[in-house]
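Student: Have a look at this one.
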Amino acid sequence: MSQPALKPVAARPAIFIDGEAGTTGLGIRERLAALSDVEVKSIDPALRKDPQARKAMMEAVDLVVLCLPDAASKETVALADELGAGRPRIIDASTAFRTAPGWVYGFPELSPDQAGRIAEAERVANPGCYPTGALALLRPLVDAAVMVADHPVTINAVSGYSGGGKTMIETWESAASPQFELYGLGLEHKHLPEIQIHAGLTRRPIFVPSVGHFRQGMLVSIPLHLSTLAGAVSTDDLRDLLVKYYAGSNYVHVASAEATQALVGKLEPEALNDSNRLELFVFGNDRHGQALLVARLDNLGKGASGAAVQNMRLMLGLREQPA
């Protein structure tokens, strides 16, 4: 049986961040504090685990952002279901619903119609930070049939240590922390399913994440042999494809050939910190038939809190903010 229609959105929508003390929750709250067209409501800390108090709060607001572990997110969604027509719209920042039926994937730039789907959605799954960069590079190639769906994709990425939450932050800010670390070497990283599904790939990618000794920022890179792509594709062709795909986007920018060359073969990960921007680069060597696609973003911005606020504004019919 389908749920009754949602309640209409208030003139000044009210937002509840369930899990506002975590890294993503704090980032969302900080961004919302600067806005005048929404109201943020908080629950009494003593009642934050009380189901009835949380249920009453959800009924009182227009939208809830869940910044909780997967199991807790599922429990909260079940609690919201009990409200029927009084239930709020939901954005979930965990991995619990990123490939789940009935949920819209919260990367507005994923495809030409994705922002519209998010705007009409009752429930949106915020993307992971690594998938945001990877999908921004892969999906245009797959949609254009330049990359076949079973292409053997390799994704390498490095993130600031804030991506691991409070425990990782405490570890990496201690004297005993390393300067750099590969992880996920069992090739079972939790972000792989959403990357494969939302990129439109039939072959599971190889994904090698890493952490560097900087708090926030991210680089996601995908190496390519041009001969494995469809047609006689050059690095300029790949750049032009990305430029066309993201034309008119407020948040995704494709670096020009001149800007890419000015980097003299180097790229640092922190340039977009505290923004909701995402930059895409095409490096390569046509003589050797090789290319390297790179996405740069703030893992706490477009990779987490910034993306949640962007999705929230779409769902509530609010004007898009500057990047």
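Ligands are numbered from 1 in the order shown, residues from 1 within each chain, and chains are lettered A, B, ... in the order they appear in the structure tokens.
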A:Leu6: which residues within 9 Å, counting only C-alpha atoms, same-chain residues fewer than 3 positions away excluded, as a list of chain:residue names?
Tutor: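 Close residues of A:Leu6: A:Gln3, A:Val9, A:Gly84, A:Ala85, A:Gly86, A:Arg87, A:Pro88, A:Arg89, A:Glu122.
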Student: Give me, as a PyMOL selection string, all polymer residues having an atom no more than 6 Å from A:Ala125, counting only C-alpha atoms and skipping those fewer than 4 positions away in the same chain.
Tutor: chain A and resi 91-92+97-98+105-106
Student: Convert the current residue selection to file output with N, CA and C atoms, as a CSV table (one decimal), in the first residue's frame.
Tutor:
chain,number,residue,atom,x,y,z
A,91,ILE,N,16.8,13.3,3.8
A,91,ILE,CA,18.1,13.1,3.1
A,91,ILE,C,18.9,12.2,4.1
A,92,ASP,N,19.4,11.1,3.6
A,92,ASP,CA,20.2,10.2,4.4
A,92,ASP,C,21.7,10.3,3.9
A,97,PHE,N,21.2,3.6,1.9
A,97,PHE,CA,20.1,3.7,0.9
A,97,PHE,C,20.6,4.1,-0.5
A,98,ARG,N,21.9,4.1,-0.7
A,98,ARG,CA,22.5,4.7,-1.9
A,98,ARG,C,22.2,3.9,-3.2
A,105,TYR,N,19.2,9.1,-5.9
A,105,TYR,CA,20.6,9.3,-5.6
A,105,TYR,C,20.9,10.8,-5.7
A,106,GLY,N,21.5,11.3,-4.6
A,106,GLY,CA,21.6,12.8,-4.5
A,106,GLY,C,22.8,13.4,-5.1
Student: Using only C-alpha atoms for the distances, tell me which of A:Leu229, A:Leu66, A:Leu83, A:Ala34 is nearest to A:Ala5.
Tutor: A:Leu83
Student: Neighbours of stretch 129-132 of chain A within 7 Å (only C-alpha atoms; same-chain residues fewer than 3 positions away dropped), as a list in words?
Tutor: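 Surrounding residues, per the criterion: Leu135, Ala136, His191, Ile195, Val220, Asn299, Gly303 and Ala304 of chain A.
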Student: Rounded to one decimal in Å, what is the spacing between atom CA of A:His253 and atom CA of A:Arg277?
Tutor: 7.6 Å
Student: List as a ChimeraX atom specification the protein and nucleic acid residues near A:Leu226, meaning an atom at most 10 Å away when only C-alpha atoms are counted, but skip any in the same chain fewer than 3 places from it.
Tutor: /A:146-147,223,229-235,238,284-286,288-292
Student: Using only C-alpha atoms, which residue out of A:Leu242, A:Val148, A:Val211, A:Ala71 lies closest to A:Trp172?
Tutor: A:Val211
Student: Excluding A:Glu39 and any residue of its chain fewer than 4 positions from it, enumerate the residues within 12 Å of it, using only C-alpha atoms, and give them as a list in words.
Tutor: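 Near A:Glu39, the qualifying residues are Ala10, Ala11, Arg12, Pro13, Ala14, Ile15, Phe16, Ile17, Arg29, Arg31, Leu32, Ala33, Ala34, Leu35, Ala60, Val61, Asp62, Leu63 and Val64 of chain A.
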Student: Based on DSSP run over this structure's backbone, return all residues of stretch 97-306 of chain A in strand (DSSP E), as number ranges by chain.
Tutor: A: 104-105, 123-125, 154-160, 180-182, 206-212, 218-225, 252-254, 278-285, 290-297
Student: A:Ala21, A:Asp44, A:Val243, A:Asp236: which is nearest A:Ala257, counting only C-alpha atoms?
Tutor: A:Asp236
Student: With only C-alpha atoms as the basis for distance, which of A:Pro108, A:Val153, A:Ile118, A:Arg123 is at the shortest distance from A:Val252?
Tutor: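 Closest candidate: A:Pro108.
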